[in-house]
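Colleague: One file is attached below, model_11.txt, containing compact mmCIF, C-alpha atoms and all ligand atoms.
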# COMPACT_ATOMS: atom_id res chain seq x y z
CA MET A 865 -7.09 -19.07 -15.50
CA LYS A 866 -8.95 -21.08 -12.86
CA PRO A 867 -12.42 -19.56 -12.37
CA LEU A 868 -12.56 -17.32 -9.30
CA ALA A 869 -16.36 -17.12 -9.44
CA GLU A 870 -19.16 -18.61 -11.53
CA LYS A 871 -20.26 -15.80 -13.79
CA ILE A 872 -18.96 -12.62 -15.38
CA TRP A 873 -21.21 -9.85 -16.65
CA PHE A 874 -20.22 -9.16 -20.25
CA ASN A 875 -21.99 -6.61 -22.48
CA GLY A 876 -25.26 -7.02 -20.63
CA GLU A 877 -25.23 -10.80 -20.25
CA LEU A 878 -24.10 -13.07 -17.43
CA LYS A 879 -21.71 -15.62 -18.89
CA ALA A 880 -19.83 -18.57 -17.39
CA TRP A 881 -16.38 -17.41 -16.15
CA GLU A 882 -14.54 -19.82 -18.45
CA ASP A 883 -16.51 -18.72 -21.54
CA THR A 884 -15.99 -14.97 -21.14
CA LYS A 885 -13.30 -14.43 -23.78
CA VAL A 886 -12.18 -11.82 -26.28
CA HIS A 887 -10.38 -12.13 -29.60
CA VAL A 888 -6.58 -11.78 -29.79
CA MET A 889 -7.05 -8.84 -32.14
CA THR A 890 -8.81 -6.85 -29.40
CA HIS A 891 -7.55 -3.26 -29.64
CA ALA A 892 -6.94 -2.99 -25.87
CA LEU A 893 -4.63 -6.00 -25.91
CA HIS A 894 -2.36 -4.31 -28.45
CA TYR A 895 -2.56 -0.69 -27.35
CA GLY A 896 -3.61 -0.66 -23.69
CA THR A 897 -6.94 1.04 -24.45
CA SER A 898 -8.93 -0.10 -21.46
CA VAL A 899 -10.28 1.76 -18.45
CA PHE A 900 -11.15 -0.10 -15.31
CA GLU A 901 -12.02 0.02 -11.64
CA GLY A 902 -11.26 -1.95 -8.52
CA VAL A 903 -14.17 -1.90 -6.09
CA ARG A 904 -14.77 -3.78 -2.86
CA ALA A 905 -17.95 -5.17 -1.37
CA TYR A 906 -18.05 -5.90 2.36
CA ASP A 907 -20.31 -8.17 4.39
CA THR A 908 -21.67 -5.63 6.88
CA PRO A 909 -24.07 -6.25 9.80
CA LYS A 910 -26.84 -4.82 7.57
CA GLY A 911 -25.98 -7.14 4.67
CA PRO A 912 -23.49 -7.05 1.79
CA ALA A 913 -22.67 -3.54 0.61
CA VAL A 914 -20.48 -2.11 -2.14
CA PHE A 915 -18.18 0.63 -0.86
CA ARG A 916 -18.55 3.94 -2.73
CA LEU A 917 -19.87 2.23 -5.85
CA THR A 918 -21.13 5.41 -7.52
CA GLU A 919 -17.76 7.17 -7.07
CA HIS A 920 -16.00 4.19 -8.65
CA THR A 921 -18.43 4.00 -11.58
CA GLN A 922 -18.16 7.76 -12.07
CA ARG A 923 -14.35 7.46 -12.17
CA LEU A 924 -14.70 4.66 -14.75
CA LEU A 925 -16.87 6.90 -16.93
CA ASP A 926 -14.48 9.83 -16.38
CA SER A 927 -11.50 7.68 -17.42
CA ALA A 928 -13.45 6.71 -20.57
CA ARG A 929 -14.27 10.39 -21.18
CA ILE A 930 -10.58 11.36 -21.19
CA TYR A 931 -10.00 8.67 -23.84
CA HIS A 932 -13.04 9.56 -26.01
CA MET A 933 -14.36 6.07 -25.30
CA PRO A 934 -18.16 5.88 -25.70
CA VAL A 935 -19.31 3.49 -22.95
CA PRO A 936 -22.67 2.07 -24.05
CA TYR A 937 -24.08 1.91 -20.49
CA THR A 938 -25.16 4.55 -18.00
CA LEU A 939 -23.78 4.95 -14.49
CA GLN A 940 -26.98 3.44 -13.11
CA GLN A 941 -26.79 0.44 -15.45
CA ILE A 942 -23.19 -0.25 -14.45
CA ASN A 943 -24.01 0.10 -10.75
CA ASP A 944 -26.92 -2.33 -11.15
CA ALA A 945 -24.75 -4.74 -13.12
CA CYS A 946 -22.10 -4.70 -10.35
CA LYS A 947 -24.71 -5.67 -7.77
CA GLU A 948 -26.22 -8.29 -10.06
CA THR A 949 -22.78 -9.85 -10.54
CA LEU A 950 -22.34 -10.10 -6.77
CA ARG A 951 -25.80 -11.60 -6.30
CA VAL A 952 -25.54 -14.18 -9.06
CA ASN A 953 -22.18 -15.38 -7.72
CA GLY A 954 -23.52 -15.53 -4.15
CA LEU A 955 -20.71 -13.20 -2.99
CA LYS A 956 -21.07 -11.25 0.25
CA SER A 957 -17.63 -9.73 0.33
CA ALA A 958 -15.66 -9.46 -2.88
CA TYR A 959 -13.42 -7.47 -5.15
CA LEU A 960 -15.13 -6.19 -8.28
CA ARG A 961 -13.38 -5.46 -11.52
CA PRO A 962 -15.46 -3.46 -14.00
CA ILE A 963 -13.58 -2.84 -17.26
CA ALA A 964 -14.45 -1.04 -20.50
CA PHE A 965 -12.14 -1.49 -23.48
CA LEU A 966 -11.78 -0.97 -27.18
CA GLY A 967 -12.65 -4.34 -28.67
CA GLU A 968 -12.45 -5.38 -32.30
CA CYS A 969 -11.93 -2.00 -33.97
CA GLY A 970 -9.48 -2.95 -36.73
CA MET A 971 -5.67 -2.95 -36.60
CA GLY A 972 -4.87 0.78 -36.58
CA VAL A 973 -3.96 2.60 -33.37
CA THR A 974 -6.70 5.20 -33.96
CA PRO A 975 -9.79 3.53 -35.34
CA LYS A 976 -12.29 5.63 -37.29
CA PRO A 977 -15.01 6.83 -34.87
CA GLU A 978 -17.59 4.66 -36.68
CA ASN A 979 -15.44 1.57 -36.04
CA VAL A 980 -14.95 2.18 -32.32
CA ARG A 981 -16.45 -0.62 -30.28
CA VAL A 982 -16.42 -0.51 -26.50
CA ASP A 983 -16.95 -3.77 -24.63
CA VAL A 984 -17.77 -3.77 -20.93
CA ALA A 985 -17.21 -6.59 -18.44
CA ILE A 986 -17.64 -6.91 -14.68
CA ALA A 987 -16.00 -9.69 -12.72
CA ALA A 988 -16.43 -10.21 -8.96
CA PHE A 989 -14.47 -12.66 -6.84
CA PRO A 990 -13.14 -13.14 -3.31
CA TRP A 991 -9.84 -11.33 -2.69
CA GLY A 992 -8.07 -11.00 0.65
CA ALA A 993 -5.49 -8.45 1.79
CA TYR A 994 -3.59 -7.31 -1.34
CA LEU A 995 -0.24 -6.87 0.42
CA GLY A 996 -0.79 -9.74 2.87
CA ASP A 997 -2.67 -10.11 6.17
CA GLU A 998 0.51 -9.63 8.17
CA GLY A 999 1.21 -6.42 6.28
CA LEU A 1000 -2.05 -4.90 7.52
CA THR A 1001 -1.01 -5.34 11.16
CA LYS A 1002 2.80 -5.14 11.12
CA GLY A 1003 3.51 -3.02 8.08
CA VAL A 1004 5.34 -3.82 4.86
CA ASP A 1005 8.85 -3.18 3.56
CA VAL A 1006 8.98 -1.03 0.43
CA ILE A 1007 11.56 0.63 -1.80
CA VAL A 1008 11.60 3.75 -3.92
CA SER A 1009 11.67 2.46 -7.48
CA SER A 1010 14.27 3.40 -10.07
CA TRP A 1011 11.26 4.08 -12.34
CA ASN A 1012 9.40 7.40 -12.11
CA ARG A 1013 5.65 7.77 -12.57
CA ALA A 1014 4.42 9.19 -15.89
CA ALA A 1015 5.21 12.87 -16.47
CA PRO A 1016 2.32 15.34 -16.64
CA ASN A 1017 0.77 15.63 -20.10
CA THR A 1018 2.16 12.33 -21.31
CA ILE A 1019 -0.22 9.59 -20.19
CA PRO A 1020 -3.11 11.04 -18.14
CA VAL A 1021 -2.75 9.51 -14.69
CA MET A 1022 -6.14 10.73 -13.49
CA ALA A 1023 -7.59 8.13 -15.85
CA LYS A 1024 -7.42 4.61 -14.45
CA ALA A 1025 -6.42 3.09 -17.77
CA GLY A 1026 -4.88 -0.27 -18.58
CA GLY A 1027 -1.81 1.26 -20.24
CA ASN A 1028 -0.90 3.18 -17.06
CA TYR A 1029 -0.24 -0.12 -15.36
CA LEU A 1030 2.89 -0.71 -17.42
CA SER A 1031 4.42 1.81 -15.01
CA SER A 1032 2.94 0.00 -12.00
CA TYR A 1033 4.15 -3.31 -13.39
CA LEU A 1034 7.75 -2.12 -13.62
CA ILE A 1035 7.67 -0.49 -10.18
CA GLY A 1036 5.98 -3.44 -8.48
CA ARG A 1037 8.12 -6.04 -10.23
CA GLU A 1038 11.36 -4.30 -9.38
CA ALA A 1039 10.40 -4.16 -5.70
CA ARG A 1040 9.25 -7.78 -5.52
CA SER A 1041 12.29 -9.11 -7.39
CA LYS A 1042 14.46 -7.50 -4.70
CA GLY A 1043 12.40 -9.09 -1.91
CA TYR A 1044 10.24 -6.07 -1.01
CA VAL A 1045 6.46 -6.02 -0.86
CA GLU A 1046 5.82 -2.92 -2.95
CA GLY A 1047 7.55 -0.10 -4.84
CA LEU A 1048 6.95 3.64 -4.59
CA GLY A 1049 7.25 5.84 -7.67
CA LEU A 1050 8.57 9.40 -7.67
CA GLY A 1051 7.27 12.04 -10.05
CA VAL A 1052 9.59 13.24 -12.84
CA ASP A 1053 10.60 16.10 -10.53
CA GLY A 1054 11.88 13.56 -7.97
CA ARG A 1055 9.12 14.37 -5.50
CA LEU A 1056 6.86 11.82 -3.86
CA SER A 1057 4.02 10.50 -5.97
CA GLU A 1058 2.39 7.13 -5.17
CA GLY A 1059 2.87 3.38 -4.92
CA ALA A 1060 2.41 1.01 -7.86
CA GLY A 1061 -1.27 0.69 -6.95
CA GLU A 1062 -1.69 2.80 -3.82
CA ASN A 1063 -1.69 6.41 -2.64
CA LEU A 1064 0.84 7.50 -0.05
CA PHE A 1065 0.46 9.15 3.39
CA LEU A 1066 3.14 10.34 5.84
CA MET A 1067 2.60 11.26 9.48
CA MET A 1068 4.94 13.76 11.11
CA GLY A 1069 4.41 15.59 14.39
CA GLY A 1070 0.75 14.52 14.54
CA LYS A 1071 -0.03 15.91 11.06
CA ILE A 1072 -0.81 14.02 7.87
CA TYR A 1073 1.11 14.82 4.70
CA THR A 1074 0.09 13.50 1.28
CA PRO A 1075 1.09 14.44 -2.28
CA PRO A 1076 -1.55 16.49 -4.19
CA VAL A 1077 -3.32 15.28 -7.35
CA SER A 1078 -0.88 17.37 -9.39
CA ALA A 1079 1.92 14.99 -8.28
CA SER A 1080 1.09 12.37 -10.97
CA ILE A 1081 -1.22 10.36 -8.73
CA LEU A 1082 -4.54 8.65 -9.24
CA GLY A 1083 -7.18 10.47 -7.18
CA GLY A 1084 -7.81 7.45 -4.98
CA ILE A 1085 -11.23 6.85 -3.52
CA THR A 1086 -9.64 5.31 -0.42
CA ARG A 1087 -7.39 8.38 -0.26
CA ASN A 1088 -10.50 10.56 -0.17
CA THR A 1089 -12.08 8.28 2.45
CA VAL A 1090 -9.01 8.47 4.68
CA LEU A 1091 -8.81 12.27 4.33
CA THR A 1092 -12.50 12.54 5.26
CA LEU A 1093 -12.09 10.25 8.30
CA ALA A 1094 -8.93 12.09 9.40
CA ARG A 1095 -10.72 15.47 9.18
CA GLU A 1096 -13.49 14.03 11.37
CA GLU A 1097 -10.81 13.19 13.94
CA GLY A 1098 -9.53 16.75 13.80
CA ILE A 1099 -6.16 15.74 12.38
CA GLU A 1100 -4.45 18.44 10.34
CA ILE A 1101 -3.91 17.46 6.69
CA ILE A 1102 -1.27 18.96 4.46
CA GLU A 1103 -1.61 18.18 0.75
CA GLN A 1104 1.54 19.43 -0.90
CA ASP A 1105 4.60 18.43 -2.91
CA LEU A 1106 6.89 16.41 -0.68
CA PRO A 1107 10.61 15.63 -1.02
CA ARG A 1108 11.71 11.99 -1.07
CA GLU A 1109 13.65 12.31 2.18
CA MET A 1110 10.46 12.98 4.15
CA LEU A 1111 9.88 9.24 3.80
CA TYR A 1112 12.93 8.58 5.96
CA LEU A 1113 11.98 11.15 8.61
CA ALA A 1114 8.28 10.33 9.03
CA ASP A 1115 6.87 8.88 12.25
CA GLU A 1116 4.46 6.68 10.31
CA VAL A 1117 3.81 6.00 6.64
CA PHE A 1118 0.94 4.10 5.05
CA MET A 1119 -0.48 3.37 1.64
CA THR A 1120 -4.15 3.31 0.64
CA GLY A 1121 -6.09 1.62 -2.11
CA THR A 1122 -9.23 -0.40 -2.67
CA ALA A 1123 -7.17 -3.59 -2.81
CA ALA A 1124 -4.55 -2.55 -0.21
CA GLU A 1125 -7.08 -0.76 2.09
CA ILE A 1126 -4.82 0.98 4.66
CA THR A 1127 -1.49 -0.84 4.59
CA PRO A 1128 1.15 0.48 7.02
CA ILE A 1129 4.76 0.74 5.87
CA ARG A 1130 7.47 -0.57 8.19
CA THR A 1131 10.63 0.29 6.25
CA ILE A 1132 11.47 2.37 3.19
CA ASP A 1133 14.76 1.61 1.45
CA ASP A 1134 15.67 -0.40 4.59
CA ILE A 1135 15.14 2.60 6.89
CA PRO A 1136 12.48 1.89 9.53
CA THR A 1137 9.82 4.54 10.11
CA ARG A 1138 10.19 6.09 13.56
CA GLU A 1139 7.25 3.91 14.72
CA ASN A 1140 8.70 0.86 12.92
CA GLY A 1141 5.27 0.07 11.46
CA PRO A 1142 1.78 1.29 12.28
CA GLY A 1143 1.72 4.06 14.88
CA PRO A 1144 -1.23 5.73 16.62
CA ILE A 1145 -2.62 7.65 13.62
CA THR A 1146 -2.40 4.67 11.26
CA LYS A 1147 -4.11 2.44 13.82
CA LEU A 1148 -6.83 4.99 14.49
CA LEU A 1149 -7.58 5.45 10.78
CA GLN A 1150 -7.52 1.68 10.16
CA ALA A 1151 -10.05 1.25 12.99
CA ARG A 1152 -12.31 4.00 11.63
CA PHE A 1153 -12.03 2.60 8.10
CA HIS A 1154 -12.80 -1.02 9.03
CA GLY A 1155 -15.43 0.29 11.44
CA LEU A 1156 -17.45 1.35 8.39
CA PHE A 1157 -17.83 -2.34 7.53
CA ASN A 1158 -18.36 -3.82 11.00
CA GLY A 1159 -20.81 -1.12 12.09
CA GLN A 1160 -18.49 0.67 14.54
CA THR A 1161 -18.08 3.78 12.37
CA GLU A 1162 -21.31 5.52 11.46
CA ASP A 1163 -21.65 5.84 7.67
CA LYS A 1164 -22.56 9.54 7.68
CA TRP A 1165 -21.72 9.87 4.02
CA GLY A 1166 -23.90 7.13 2.51
CA TRP A 1167 -20.80 5.31 1.28
CA LEU A 1168 -22.27 1.83 1.74
CA ASP A 1169 -24.43 0.80 -1.20
CA TYR A 1170 -26.39 -2.26 -0.08
CA VAL A 1171 -26.61 -5.10 -2.57
CA ASN A 1172 -30.07 -6.36 -1.57
N1 LIG A 1201 -2.90 4.78 -7.31
C1 LIG A 1201 -2.87 3.80 -8.22
C2 LIG A 1201 -1.84 3.82 -9.29
C3 LIG A 1201 -3.82 2.75 -8.16
O1 LIG A 1201 -3.80 1.76 -9.05
C4 LIG A 1201 -4.76 2.75 -7.12
C5 LIG A 1201 -5.76 1.63 -7.01
N2 LIG A 1201 -6.92 1.88 -7.76
C6 LIG A 1201 -4.75 3.80 -6.19
C7 LIG A 1201 -3.80 4.80 -6.33
C8 LIG A 1201 -5.75 3.88 -5.09
O2 LIG A 1201 -7.02 4.20 -5.59
P1 LIG A 1201 -8.35 3.71 -4.89
O3 LIG A 1201 -8.25 4.06 -3.47
O4 LIG A 1201 -9.43 4.44 -5.60
O5 LIG A 1201 -8.44 2.24 -5.09
With the file now loaded, output its structure as structure tokens.
Modeller:
Amino acid sequence: MKPLAEKIWFNGELKAWEDTKVHVMTHALHYGTSVFEGVRAYDTPKGPAVFRLTEHTQRLLDSARIYHMPVPYTLQQINDACKETLRVNGLKSAYLRPIAFLGECGMGVTPKPENVRVDVAIAAFPWGAYLGDEGLTKGVDVIVSSWNRAAPNTIPVMAKAGGNYLSSYLIGREARSKGYVEGLGLGVDGRLSEGAGENLFLMMGGKIYTPPVSASILGGITRNTVLTLAREEGIEIIEQDLPREMLYLADEVFMTGTAAEITPIRTIDDIPTRENGPGPITKLLQARFHGLFNGQTEDKWGWLDYVN
């Protein structure tokens, strides 16, 4: 892979991008035993800042906790390492990818506790709009996938673990192979869940509807940000199980994620939303969200963690 930045933080050291390698017998490569984060840093008027870094690092440690994975660094050490990785690469705005994984632990699926070895890496590199610049303004075309999200008590979806992304891979690949930008997964009960890498929001009659965490979704940090900003605007929020057909009746639909930010949806299964793309609520929330990074939205919550 062509280097996307100069250095990667790996187990406490900054190494050249091209030299940061693991062995083919790495446990995570065989069994999906990694936990990771996607974090964004923005170049704000007060200098580069990581958005909600502590919440992301806490989710990384929580994902590791679910998998009994002893991460050999504290939250503070990982936060500091994220900022150091940005600084050393001279990045002002970037996508960060912290990952902790079972390394060389032997060939068995369940290594003896004394053989468990957790490696930690942090990469940072420039990354634009995940679903395309045009998507952010006009909206994207999506389909409901033929694949459901993981059933409760199978693979824990509250953990952001490498293995979960086999589901995202199938959902995203199916959509893209048919010419759509992204795929949405339903829960095993056929109700709305989330996109391959994004949470889902529907606007109807001036209210916001979104599936609850019990609907096999990742508790997205952007989801929480959007809910907080919407509450500030006095918009009513309804978190409840939602039937698939609400997608076809909504005024506006959008997806949220660190990579996707707030991406409006234009059509679902070839049916246009009533607004045929971003409507007034989507545009308002996009403006408030991006306002956090250009200084137009006051950061009342201390979400911006300045790098310098
Ligand atoms: N759901 C899934 C499956 C994801 O991969 C992501 C991206 N991390 C999200 C939701 C959105 O989460 P966040 O806003 O924390 O990036």
Colleague: Considering only C-alpha atoms, can you say which of A:Gln922, A:Asn1012, A:Thr884, A:Asn943 comes closest to Ala869 in chain A?
Modeller: A:Thr884
Colleague: Using all atoms listed in the file, pick whichever of A:Ile1081, A:Leu924, A:Ala1114, A:Met933 has the shortest atom-to-atom distance to Leu1056 in chain A.
Modeller: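 Selected residue with least distance to Leu1056 in chain A: A:Ile1081.
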Colleague: Here is a test: counting all atoms listed in the file, which residue of A:Leu893, A:Leu1030, A:Val903, A:Leu1149 is nearest to ligand LIG 1201 (chain A)?
Modeller: A:Val903
Colleague: Point out the residue among A:Ala987, A:Ile1145, A:Ala964, A:Val899 with the least atom-to-atom distance to Lys879 in chain A, counting all atoms listed in the file.
Modeller: A:Ala987
Colleague: Show me, as CSV, the residues of range 956-1033 of chain A having an atom within 10 Å of range 1133-1144 of chain A, each with the closest atom pair and its distance in Å, using all atoms listed in the file.
Modeller:
residue,atom,partner,partner_atom,distance
A:Gly999,CA,A:Gly1141,CA,9.2
A:Leu1000,CA,A:Pro1142,CA,8.7
A:Thr1001,CA,A:Pro1142,CA,7.3
A:Lys1002,CA,A:Gly1141,CA,5.8
A:Gly1003,CA,A:Gly1141,CA,4.9
A:Val1004,CA,A:Gly1141,CA,7.7
A:Asp1005,CA,A:Asp1134,CA,7.4
A:Val1006,CA,A:Asp1133,CA,6.4
A:Ile1007,CA,A:Asp1133,CA,4.7
A:Val1008,CA,A:Asp1133,CA,6.6
A:Ser1009,CA,A:Asp1133,CA,9.5
Colleague: Any chance you could work out the axis-aligned box around range 1137-1145 of chain A, listed atoms only, 4 Å on each side, giving centre and edge lengths in Å to one decimal, as AutoDock Vina command-line options?
Modeller:
--center_x 3.8 --center_y 3.9 --center_z 13.4 --size_x 20.8 --size_y 15.6 --size_z 14.5
Colleague: Give the residues close to ligand LIG 1201 (chain A), within 7 Å, counting all atoms listed in the file; write them as a list in words.
Modeller: Glu901, Gly902, Ser1032, Glu1058, Gly1059, Ala1060, Gly1061, Glu1062, Asn1063, Ile1081, Leu1082, Gly1083, Gly1084, Ile1085, Thr1086, Arg1087, Thr1120, Gly1121, Thr1122 and Ala1123 of chain A
Colleague: Fewer than 3 positions away in the same chain doesn't count, so skip those; otherwise give me all residues within 12 Å of range 1050-1055 of chain A, counting only C-alpha atoms, as an mmCIF file with C-alpha atoms, keeping the file's coordinate frame.
Modeller:
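The resulting part_3.cif:
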data_model
loop_
_atom_site.group_PDB
_atom_site.id
_atom_site.type_symbol
_atom_site.label_atom_id
_atom_site.label_comp_id
_atom_site.auth_asym_id
_atom_site.auth_seq_id
_atom_site.Cartn_x
_atom_site.Cartn_y
_atom_site.Cartn_z
ATOM 1 C CA ILE A 1007 11.560 0.630 -1.800
ATOM 2 C CA VAL A 1008 11.600 3.750 -3.920
ATOM 3 C CA SER A 1009 11.670 2.460 -7.480
ATOM 4 C CA SER A 1010 14.270 3.400 -10.070
ATOM 5 C CA TRP A 1011 11.260 4.080 -12.340
ATOM 6 C CA ASN A 1012 9.400 7.400 -12.110
ATOM 7 C CA ARG A 1013 5.650 7.770 -12.570
ATOM 8 C CA ALA A 1014 4.420 9.190 -15.890
ATOM 9 C CA ALA A 1015 5.210 12.870 -16.470
ATOM 10 C CA PRO A 1016 2.320 15.340 -16.640
ATOM 11 C CA ASN A 1017 0.770 15.630 -20.100
ATOM 12 C CA THR A 1018 2.160 12.330 -21.310
ATOM 13 C CA VAL A 1021 -2.750 9.510 -14.690
ATOM 14 C CA SER A 1031 4.420 1.810 -15.010
ATOM 15 C CA SER A 1032 2.940 0.000 -12.000
ATOM 16 C CA ILE A 1035 7.670 -0.490 -10.180
ATOM 17 C CA GLY A 1047 7.550 -0.100 -4.840
ATOM 18 C CA GLU A 1058 2.390 7.130 -5.170
ATOM 19 C CA GLY A 1059 2.870 3.380 -4.920
ATOM 20 C CA ALA A 1060 2.410 1.010 -7.860
ATOM 21 C CA ASN A 1063 -1.690 6.410 -2.640
ATOM 22 C CA LEU A 1064 0.840 7.500 -0.050
ATOM 23 C CA THR A 1074 0.090 13.500 1.280
ATOM 24 C CA PRO A 1075 1.090 14.440 -2.280
ATOM 25 C CA PRO A 1076 -1.550 16.490 -4.190
ATOM 26 C CA VAL A 1077 -3.320 15.280 -7.350
ATOM 27 C CA SER A 1078 -0.880 17.370 -9.390
ATOM 28 C CA ALA A 1079 1.920 14.990 -8.280
ATOM 29 C CA SER A 1080 1.090 12.370 -10.970
ATOM 30 C CA ILE A 1081 -1.220 10.360 -8.730
ATOM 31 C CA GLN A 1104 1.540 19.430 -0.900
ATOM 32 C CA ASP A 1105 4.600 18.430 -2.910
ATOM 33 C CA LEU A 1106 6.890 16.410 -0.680
ATOM 34 C CA PRO A 1107 10.610 15.630 -1.020
ATOM 35 C CA ARG A 1108 11.710 11.990 -1.070
ATOM 36 C CA GLU A 1109 13.650 12.310 2.180
ATOM 37 C CA MET A 1110 10.460 12.980 4.150
ATOM 38 C CA LEU A 1111 9.880 9.240 3.800
#
Colleague: Distance CA of Gln1160 in chain A-CA of Ala945 in chain A, one decimal place?
Modeller: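 If I compute the distance from CA of Gln1160 in chain A to CA of Ala945 in chain A, I get 28.9 Å.
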Colleague: So, with all atoms listed in the file as the atoms that count, which of A:Ile930, A:Cys969, A:Val1045, A:Val984 lies closest to Met889 in chain A?
Modeller: A:Cys969
Colleague: Between A:Glu1103, A:Glu1096, A:Glu948, A:Glu1125, which one has atoms that come closest to Glu1162 in chain A, using only C-alpha atoms?
Modeller: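 Looking at the shortest contact to Glu1162 in chain A, the residue is A:Glu1096.
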Colleague: Kindly give the distance, in Å, that separates CA of Val952 in chain A and CA of Asp926 in chain A, rounded to a single decimal.
Modeller: 27.4 Å
Colleague: One decimal, in Å: what's the spacing between CA of Asp983 in chain A and CA of Leu966 in chain A?
Modeller: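 If I compute the distance from CA of Asp983 in chain A to CA of Leu966 in chain A, I get 6.4 Å.
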Colleague: Excluding Gly1026 in chain A and its own-chain neighbours fewer than 2 positions away, which residues fall within 9 Å of it when counting all atoms listed in the file? Please give them as a ChimeraX atom specification.
Modeller: /A:892,896-900,965,1024,1028-1030
Colleague: Extract, using all atoms listed in the file, all DNA, RNA and protein residues at most 7 Å from range 1067-1073 of chain A, discarding same-chain residues fewer than 6 positions from it, and format them as a list in words.
Modeller: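 Listed by chain and then number, they are Ile1099, Glu1100, Ile1101, Ile1102, Glu1103, Ala1114, Asp1115, Glu1116 and Val1117 of chain A.
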